[in-house]
Every structure is written in structure tokens, then in C-alpha cells.
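Q: The structure file run_18.csv (CSV, N, CA and C atoms) is provided below.
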```csv
chain,number,residue,atom,x,y,z
A,1,MET,N,4.0,105.6,122.5
A,1,MET,CA,2.6,105.3,122.6
A,1,MET,C,2.4,104.1,123.6
A,2,ASN,N,1.4,104.2,124.4
A,2,ASN,CA,1.2,103.1,125.4
A,2,ASN,C,0.4,101.9,125.0
A,3,GLY,N,0.3,101.7,123.7
A,3,GLY,CA,-0.4,100.6,123.2
A,3,GLY,C,-1.9,100.9,122.9
A,4,GLU,N,-2.4,102.1,123.3
A,4,GLU,CA,-3.7,102.5,123.1
A,4,GLU,C,-3.8,103.0,121.6
A,5,ARG,N,-4.9,102.6,121.0
A,5,ARG,CA,-5.1,103.1,119.6
A,5,ARG,C,-6.1,104.2,119.6
A,6,THR,N,-5.9,105.1,118.7
A,6,THR,CA,-6.9,106.2,118.6
A,6,THR,C,-8.1,105.7,117.7
A,7,LEU,N,-9.1,106.5,117.7
A,7,LEU,CA,-10.2,106.2,116.8
A,7,LEU,C,-9.8,106.1,115.3
A,8,SER,N,-8.9,107.0,115.0
A,8,SER,CA,-8.4,107.0,113.6
A,8,SER,C,-7.6,105.8,113.3
A,9,ASP,N,-6.8,105.3,114.3
A,9,ASP,CA,-6.0,104.1,114.1
A,9,ASP,C,-7.0,102.9,113.9
A,10,TYR,N,-8.1,102.9,114.7
A,10,TYR,CA,-9.1,101.8,114.6
A,10,TYR,C,-9.7,101.9,113.2
A,11,GLN,N,-10.1,103.1,112.8
A,11,GLN,CA,-10.7,103.2,111.4
A,11,GLN,C,-9.8,102.7,110.3
A,12,ARG,N,-8.5,103.1,110.4
A,12,ARG,CA,-7.6,102.6,109.4
A,12,ARG,C,-7.4,101.1,109.4
A,13,GLU,N,-7.3,100.5,110.5
A,13,GLU,CA,-7.1,99.1,110.6
A,13,GLU,C,-8.4,98.3,110.3
A,14,ALA,N,-9.5,98.9,110.7
A,14,ALA,CA,-10.8,98.2,110.4
A,14,ALA,C,-11.1,98.2,108.9
A,15,MET,N,-10.7,99.2,108.2
A,15,MET,CA,-11.0,99.3,106.8
A,15,MET,C,-10.1,98.3,106.0
A,16,THR,N,-9.1,97.7,106.6
A,16,THR,CA,-8.4,96.7,105.9
A,16,THR,C,-9.2,95.4,105.8
A,17,THR,N,-10.3,95.3,106.5
A,17,THR,CA,-11.2,94.2,106.4
A,17,THR,C,-12.4,94.4,105.6
A,18,ALA,N,-12.6,95.6,105.0
A,18,ALA,CA,-13.7,95.9,104.2
A,18,ALA,C,-13.7,95.2,102.9
A,19,ILE,N,-14.8,94.5,102.5
A,19,ILE,CA,-14.8,93.8,101.3
A,19,ILE,C,-15.9,94.3,100.3
A,20,TYR,N,-16.5,95.4,100.6
A,20,TYR,CA,-17.5,96.0,99.7
A,20,TYR,C,-16.8,97.0,98.7
A,21,LYS,N,-17.5,97.4,97.7
A,21,LYS,CA,-17.0,98.4,96.8
A,21,LYS,C,-17.0,99.8,97.4
A,22,ARG,N,-15.8,100.2,97.8
A,22,ARG,CA,-15.6,101.4,98.5
A,22,ARG,C,-15.6,102.7,97.7
A,23,GLN,N,-15.9,103.8,98.3
A,23,GLN,CA,-15.9,105.1,97.7
A,23,GLN,C,-16.8,105.2,96.5
A,24,THR,N,-18.0,104.6,96.7
A,24,THR,CA,-19.1,104.7,95.7
A,24,THR,C,-20.4,105.0,96.4
A,25,ALA,N,-21.4,105.4,95.6
A,25,ALA,CA,-22.7,105.6,96.2
A,25,ALA,C,-23.2,104.3,96.9
A,26,GLN,N,-22.9,103.2,96.2
A,26,GLN,CA,-23.4,101.9,96.7
A,26,GLN,C,-22.6,101.6,98.0
A,27,GLY,N,-21.3,101.9,98.0
A,27,GLY,CA,-20.5,101.7,99.2
A,27,GLY,C,-21.1,102.5,100.4
A,28,PHE,N,-21.4,103.7,100.2
A,28,PHE,CA,-22.0,104.5,101.2
A,28,PHE,C,-23.3,103.9,101.7
A,29,LEU,N,-24.2,103.6,100.8
A,29,LEU,CA,-25.5,103.0,101.2
A,29,LEU,C,-25.3,101.7,101.9
A,30,TYR,N,-24.4,100.9,101.4
A,30,TYR,CA,-24.1,99.6,102.1
A,30,TYR,C,-23.7,99.8,103.5
A,31,THR,N,-22.8,100.8,103.8
A,31,THR,CA,-22.4,101.0,105.2
A,31,THR,C,-23.5,101.5,106.1
A,32,VAL,N,-24.3,102.4,105.5
A,32,VAL,CA,-25.4,103.0,106.3
A,32,VAL,C,-26.4,101.9,106.7
A,33,LEU,N,-26.7,101.0,105.7
A,33,LEU,CA,-27.6,99.9,106.0
A,33,LEU,C,-27.0,98.9,106.9
A,34,GLY,N,-25.7,98.7,106.8
A,34,GLY,CA,-25.0,97.8,107.7
A,34,GLY,C,-25.1,98.3,109.1
A,35,LEU,N,-24.9,99.6,109.3
A,35,LEU,CA,-25.0,100.2,110.6
A,35,LEU,C,-26.4,100.0,111.2
A,36,ALA,N,-27.4,100.3,110.4
A,36,ALA,CA,-28.8,100.1,110.8
A,36,ALA,C,-29.0,98.6,111.3
A,37,GLY,N,-28.5,97.7,110.5
A,37,GLY,CA,-28.7,96.3,110.9
A,37,GLY,C,-28.0,95.9,112.2
A,38,GLU,N,-26.7,96.4,112.3
A,38,GLU,CA,-26.0,96.1,113.6
A,38,GLU,C,-26.6,96.8,114.8
A,39,ALA,N,-27.1,98.0,114.6
A,39,ALA,CA,-27.8,98.7,115.7
A,39,ALA,C,-29.1,97.9,116.1
A,40,GLY,N,-29.7,97.3,115.1
A,40,GLY,CA,-30.9,96.5,115.4
A,40,GLY,C,-30.5,95.3,116.1
A,41,GLU,N,-29.4,94.7,115.8
A,41,GLU,CA,-28.9,93.5,116.6
A,41,GLU,C,-28.6,93.9,118.0
A,42,LEU,N,-28.0,95.0,118.2
A,42,LEU,CA,-27.7,95.5,119.6
A,42,LEU,C,-29.0,95.7,120.3
A,43,ALA,N,-30.0,96.4,119.7
A,43,ALA,CA,-31.3,96.6,120.3
A,43,ALA,C,-31.9,95.3,120.6
A,44,ASN,N,-31.8,94.3,119.8
A,44,ASN,CA,-32.4,93.0,120.1
A,44,ASN,C,-31.8,92.4,121.3
A,45,LYS,N,-30.5,92.5,121.5
A,45,LYS,CA,-29.9,92.0,122.7
A,45,LYS,C,-30.4,92.8,123.9
A,46,ALA,N,-30.5,94.1,123.8
A,46,ALA,CA,-31.1,94.9,124.9
A,46,ALA,C,-32.5,94.4,125.2
A,47,LYS,N,-33.3,94.1,124.2
A,47,LYS,CA,-34.7,93.6,124.5
A,47,LYS,C,-34.6,92.3,125.3
A,48,LYS,N,-33.7,91.5,125.0
A,48,LYS,CA,-33.6,90.2,125.7
A,48,LYS,C,-33.2,90.4,127.2
A,49,ILE,N,-32.4,91.5,127.4
A,49,ILE,CA,-32.1,91.8,128.8
A,49,ILE,C,-33.4,92.1,129.6
A,50,MET,N,-34.3,92.8,128.9
A,50,MET,CA,-35.6,93.1,129.6
A,50,MET,C,-36.4,91.8,129.8
A,51,ARG,N,-36.4,90.9,128.9
A,51,ARG,CA,-37.1,89.7,129.0
A,51,ARG,C,-36.5,88.8,130.1
A,52,ASP,N,-35.2,88.6,130.0
A,52,ASP,CA,-34.5,87.6,130.8
A,52,ASP,C,-33.9,88.2,132.1
A,53,ASN,N,-33.9,89.5,132.2
A,53,ASN,CA,-33.3,90.2,133.4
A,53,ASN,C,-31.8,89.8,133.6
A,54,LYS,N,-31.1,89.6,132.5
A,54,LYS,CA,-29.7,89.1,132.6
A,54,LYS,C,-28.9,89.8,131.5
A,55,ILE,N,-27.8,90.4,131.9
A,55,ILE,CA,-26.9,91.1,130.9
A,55,ILE,C,-25.8,90.2,130.5
A,56,ASP,N,-25.6,90.0,129.2
A,56,ASP,CA,-24.5,89.3,128.7
A,56,ASP,C,-23.5,90.4,128.1
A,57,LYS,N,-22.7,90.9,129.0
A,57,LYS,CA,-21.8,92.1,128.7
A,57,LYS,C,-21.0,91.8,127.4
A,58,GLU,N,-20.4,90.6,127.4
A,58,GLU,CA,-19.5,90.3,126.3
A,58,GLU,C,-20.2,90.3,124.9
A,59,ALA,N,-21.4,89.8,124.9
A,59,ALA,CA,-22.2,89.8,123.7
A,59,ALA,C,-22.6,91.2,123.3
A,60,LEU,N,-22.9,92.0,124.2
A,60,LEU,CA,-23.2,93.4,123.9
A,60,LEU,C,-21.9,94.2,123.4
A,61,VAL,N,-20.8,93.9,124.0
A,61,VAL,CA,-19.5,94.5,123.5
A,61,VAL,C,-19.2,94.1,122.1
A,62,LEU,N,-19.5,92.8,121.8
A,62,LEU,CA,-19.2,92.4,120.4
A,62,LEU,C,-20.1,93.0,119.4
A,63,GLU,N,-21.4,93.2,119.8
A,63,GLU,CA,-22.3,93.9,118.9
A,63,GLU,C,-22.0,95.4,118.8
A,64,LEU,N,-21.6,96.0,119.9
A,64,LEU,CA,-21.1,97.4,119.8
A,64,LEU,C,-19.9,97.5,118.9
A,65,GLY,N,-19.0,96.6,119.0
A,65,GLY,CA,-17.9,96.6,118.0
A,65,GLY,C,-18.3,96.6,116.6
A,66,ASP,N,-19.3,95.8,116.3
A,66,ASP,CA,-19.9,95.8,114.9
A,66,ASP,C,-20.4,97.1,114.5
A,67,VAL,N,-21.1,97.7,115.5
A,67,VAL,CA,-21.7,99.1,115.2
A,67,VAL,C,-20.5,100.0,114.9
A,68,LEU,N,-19.5,100.0,115.8
A,68,LEU,CA,-18.3,100.8,115.6
A,68,LEU,C,-17.7,100.6,114.2
A,69,TRP,N,-17.6,99.4,113.8
A,69,TRP,CA,-17.0,99.1,112.5
A,69,TRP,C,-17.7,99.8,111.4
A,70,TYR,N,-19.1,99.8,111.4
A,70,TYR,CA,-19.8,100.5,110.4
A,70,TYR,C,-19.8,102.0,110.5
A,71,VAL,N,-19.7,102.5,111.7
A,71,VAL,CA,-19.5,103.9,111.9
A,71,VAL,C,-18.2,104.3,111.3
A,72,ALA,N,-17.1,103.6,111.5
A,72,ALA,CA,-15.8,103.8,110.9
A,72,ALA,C,-15.9,103.8,109.4
A,73,ALA,N,-16.6,102.8,108.9
A,73,ALA,CA,-16.8,102.7,107.4
A,73,ALA,C,-17.5,103.8,106.8
A,74,ILE,N,-18.6,104.3,107.5
A,74,ILE,CA,-19.3,105.5,107.0
A,74,ILE,C,-18.4,106.7,107.0
A,75,ALA,N,-17.6,106.9,108.0
A,75,ALA,CA,-16.7,108.0,108.0
A,75,ALA,C,-15.7,107.9,106.9
A,76,ASP,N,-15.2,106.7,106.7
A,76,ASP,CA,-14.3,106.4,105.6
A,76,ASP,C,-14.9,106.8,104.2
A,77,GLU,N,-16.2,106.4,104.1
A,77,GLU,CA,-16.9,106.7,102.8
A,77,GLU,C,-17.0,108.2,102.6
A,78,LEU,N,-17.1,109.0,103.7
A,78,LEU,CA,-17.2,110.4,103.7
A,78,LEU,C,-15.8,111.1,103.6
A,79,ARG,N,-14.8,110.2,103.7
A,79,ARG,CA,-13.4,110.7,103.7
A,79,ARG,C,-13.1,111.6,104.9
A,80,VAL,N,-13.6,111.2,106.0
A,80,VAL,CA,-13.2,111.9,107.3
A,80,VAL,C,-12.8,110.8,108.2
A,81,ASN,N,-11.9,111.2,109.2
A,81,ASN,CA,-11.5,110.2,110.2
A,81,ASN,C,-12.4,110.3,111.5
A,82,LEU,N,-12.4,109.2,112.2
A,82,LEU,CA,-13.3,109.2,113.4
A,82,LEU,C,-12.8,110.2,114.5
A,83,ASN,N,-11.6,110.5,114.6
A,83,ASN,CA,-11.2,111.6,115.5
A,83,ASN,C,-11.9,112.9,115.2
A,84,TYR,N,-12.0,113.2,113.9
A,84,TYR,CA,-12.7,114.4,113.5
A,84,TYR,C,-14.1,114.3,113.8
A,85,VAL,N,-14.8,113.2,113.5
A,85,VAL,CA,-16.2,113.0,113.9
A,85,VAL,C,-16.4,113.2,115.4
A,86,ALA,N,-15.6,112.5,116.2
A,86,ALA,CA,-15.7,112.6,117.6
A,86,ALA,C,-15.6,114.0,118.1
A,87,ASN,N,-14.6,114.7,117.6
A,87,ASN,CA,-14.3,116.1,118.0
A,87,ASN,C,-15.5,117.0,117.6
A,88,LYS,N,-16.0,116.9,116.4
A,88,LYS,CA,-17.1,117.7,116.0
A,88,LYS,C,-18.3,117.4,116.9
A,89,ASN,N,-18.5,116.2,117.3
A,89,ASN,CA,-19.7,115.9,118.2
A,89,ASN,C,-19.5,116.5,119.5
A,90,LEU,N,-18.3,116.5,120.1
A,90,LEU,CA,-18.0,117.1,121.4
A,90,LEU,C,-18.2,118.6,121.3
A,91,GLU,N,-17.8,119.2,120.2
A,91,GLU,CA,-18.0,120.7,120.0
A,91,GLU,C,-19.5,121.0,120.0
A,92,LYS,N,-20.2,120.2,119.3
A,92,LYS,CA,-21.7,120.4,119.3
A,92,LYS,C,-22.3,120.3,120.7
A,93,LEU,N,-21.9,119.2,121.4
A,93,LEU,CA,-22.4,119.0,122.7
A,93,LEU,C,-22.0,120.1,123.7
A,94,GLU,N,-20.8,120.6,123.6
A,94,GLU,CA,-20.3,121.7,124.5
A,94,GLU,C,-21.1,122.9,124.2
A,95,ASN,N,-21.3,123.2,122.9
A,95,ASN,CA,-22.1,124.4,122.5
A,95,ASN,C,-23.5,124.3,123.1
A,96,ARG,N,-24.1,123.2,123.0
A,96,ARG,CA,-25.5,123.0,123.5
A,96,ARG,C,-25.5,123.2,125.0
A,97,ALA,N,-24.5,122.6,125.7
A,97,ALA,CA,-24.4,122.7,127.2
A,97,ALA,C,-24.2,124.2,127.6
A,98,LYS,N,-23.4,124.9,126.9
A,98,LYS,CA,-23.2,126.3,127.1
A,98,LYS,C,-24.5,127.1,127.0
A,99,ARG,N,-25.3,126.7,126.1
A,99,ARG,CA,-26.6,127.5,125.8
A,99,ARG,C,-27.7,126.8,126.6
A,100,ASP,N,-27.4,125.8,127.4
A,100,ASP,CA,-28.5,125.1,128.2
A,100,ASP,C,-29.5,124.5,127.3
A,101,LYS,N,-29.0,123.8,126.2
A,101,LYS,CA,-29.9,123.2,125.2
A,101,LYS,C,-29.6,121.7,125.1
A,102,ILE,N,-29.0,121.1,126.1
A,102,ILE,CA,-28.7,119.6,126.1
A,102,ILE,C,-30.1,118.9,126.1
A,103,LYS,N,-31.0,119.3,126.9
A,103,LYS,CA,-32.3,118.7,126.9
A,103,LYS,C,-33.1,119.1,125.7
A,104,GLY,N,-34.1,118.3,125.3
A,104,GLY,CA,-34.9,118.6,124.1
A,104,GLY,C,-34.6,117.6,123.0
A,105,SER,N,-35.1,118.0,121.8
A,105,SER,CA,-34.8,117.2,120.6
A,105,SER,C,-34.7,118.1,119.4
A,106,GLY,N,-34.2,117.5,118.4
A,106,GLY,CA,-33.9,118.2,117.2
A,106,GLY,C,-32.5,118.5,117.0
A,107,ASP,N,-32.1,118.6,115.7
A,107,ASP,CA,-30.7,118.8,115.4
A,107,ASP,C,-30.2,120.2,115.7
A,108,ASN,N,-31.1,121.2,115.4
A,108,ASN,CA,-30.7,122.6,115.5
A,108,ASN,C,-31.2,123.2,116.7
A,109,ARG,N,-30.7,122.8,117.9
A,109,ARG,CA,-31.1,123.5,119.1
A,109,ARG,C,-30.0,124.2,119.8
```
Can I see the file as C-alpha cells?

A:
Amino acid sequence: MNGERTLSDYQREAMTTAIYKRQTAQGFLYTVLGLAGEAGELANKAKKIMRDNKIDKEALVLELGDVLWYVAAIADELRVNLNYVANKNLEKLENRAKRDKIKGSGDNR
């Protein structure tokens, strides 16, 4: 291995820092709400880019890392690994591209 970690490696290591009650309905809700909060913090930093016309890349990367942590935690709550989630998403996108349905909105297109 060249030192690169997979998404599943990240998920496994990130979950060693989880301090909430895991594998419960409350744990699932905690992680989903945490993701919403961190996505909001990332959006707030993006808003400030519009205001200040200045990108703080490092701050954005740190917020994006917090988003990733909660995505990993949600996957863990669902007992799936992030590699599986990523591959399922790519399959969905490839299928949409094949059917010329990338544009538009809605889950079932």
C-alpha cells in the first residue's frame, strides 16, 4: 500500500473517535443532525466567500472533513462501509448517464 487510505479505512479510523451511543435510533439521528449542522457550517463559509470575495481553502477543507466524518458515521450506523456507498453512487450516476438522465431532479430518474 502506498500510504493512501481507502474510504473504508477512513471510516474505521474515524469511528474510533465517536463518543455518541452507537447503533441505536438515537445514534442514527445524532449523526444525521450532525451532518446537517456541519453542512450548514460549510455553507456559511461559502456565503462568506460571496461577501468577502476571498477563499480560505484550508478552512473549507477542515469543514469538509467534518462533513465526511458524519457521512462515515451515518454509513456506520447503517452498517455499510463508505466504499460500498461510493460504488453504489457511481453505479447510479453511470446508469443515469447511460440513459441521458444526468440533468433534471428527483431520485428516480

Q: How many Å separate CA of Lys45 (chain A) from CA of Val71 (chain A)?

A: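 Taking CA of Lys45 (chain A) and CA of Val71 (chain A), their separation equals 19.1 Å.
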
Q: Find, counting all atoms listed in the file, the residue in A:Leu78, A:Ala72, A:Ala39, A:Ile49 that gets nearest to Arg12 (chain A).

A: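 So, comparing all the options, the nearest one is A:Ala72.
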
Q: Using only N, CA and C atoms, find the one residue out of A:Leu33, A:Leu90, A:Leu82, A:Met50 that sits nearest to Tyr10 (chain A).

A: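 Using only N, CA and C atoms, the shortest distance to Tyr10 (chain A) belongs to A:Leu82.
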
Q: Report as a list of chain:residue names all protein, DNA and RNA residues lying within 8 Å of Gln23 (chain A), evaluated on only N, CA and C atoms, omitting residues in the same chain fewer than 4 positions from it.

A: A:Gly27, A:Phe28, A:Asp76, A:Glu77, A:Leu78, A:Arg79

Q: A:Ser105, A:Lys88, A:Thr31, A:Arg96: which is nearest Leu68 (chain A), counting only C-alpha atoms?

A: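 Looking at the shortest contact to Leu68 (chain A), the residue is A:Thr31.
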
Q: Between A:Tyr70, A:Asn87, A:Thr6, A:Thr16, which one has atoms that come closest to Val32 (chain A), using all atoms listed in the file?

A: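 Nearest to Val32 (chain A): A:Tyr70.
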
Q: Rounded to one decimal place, report the atom N of Lys47 (chain A)-CA of Leu62 (chain A) distance in Å.

A: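 Between atom N of Lys47 (chain A) and CA of Leu62 (chain A) the gap works out to 14.7 Å.
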
Q: One decimal, Å: what's the distance from CA of Asn81 (chain A) over to CA of Ser8 (chain A), could you say?

A: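 Rounded to one decimal, the two atoms are 5.6 Å apart.
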
Q: For each of A:Leu42, A:Asn83, A:Lys101, A:Ile74, take the minimum atom-to-atom distance to Glu58 (chain A), counting only C-alpha atoms, then give the residue where this is smallest.

A: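 Looking only at the distances to Glu58 (chain A), the closest residue turns out to be A:Leu42.
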
Q: I need the residues in chain A that are helix (DSSP H, G or I) according to DSSP; give them as a ChimeraX atom specification.

A: /A:7-17,25-52,57-77,82-98

Q: Name the closest residue to Leu60 (chain A) among the candidates A:Ala46, A:Ala73, A:Ala36, A:Val80; distances are taken between atoms, counting only N, CA and C atoms.

A: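 Of the candidates, the smallest distance to Leu60 (chain A) is held by A:Ala46.
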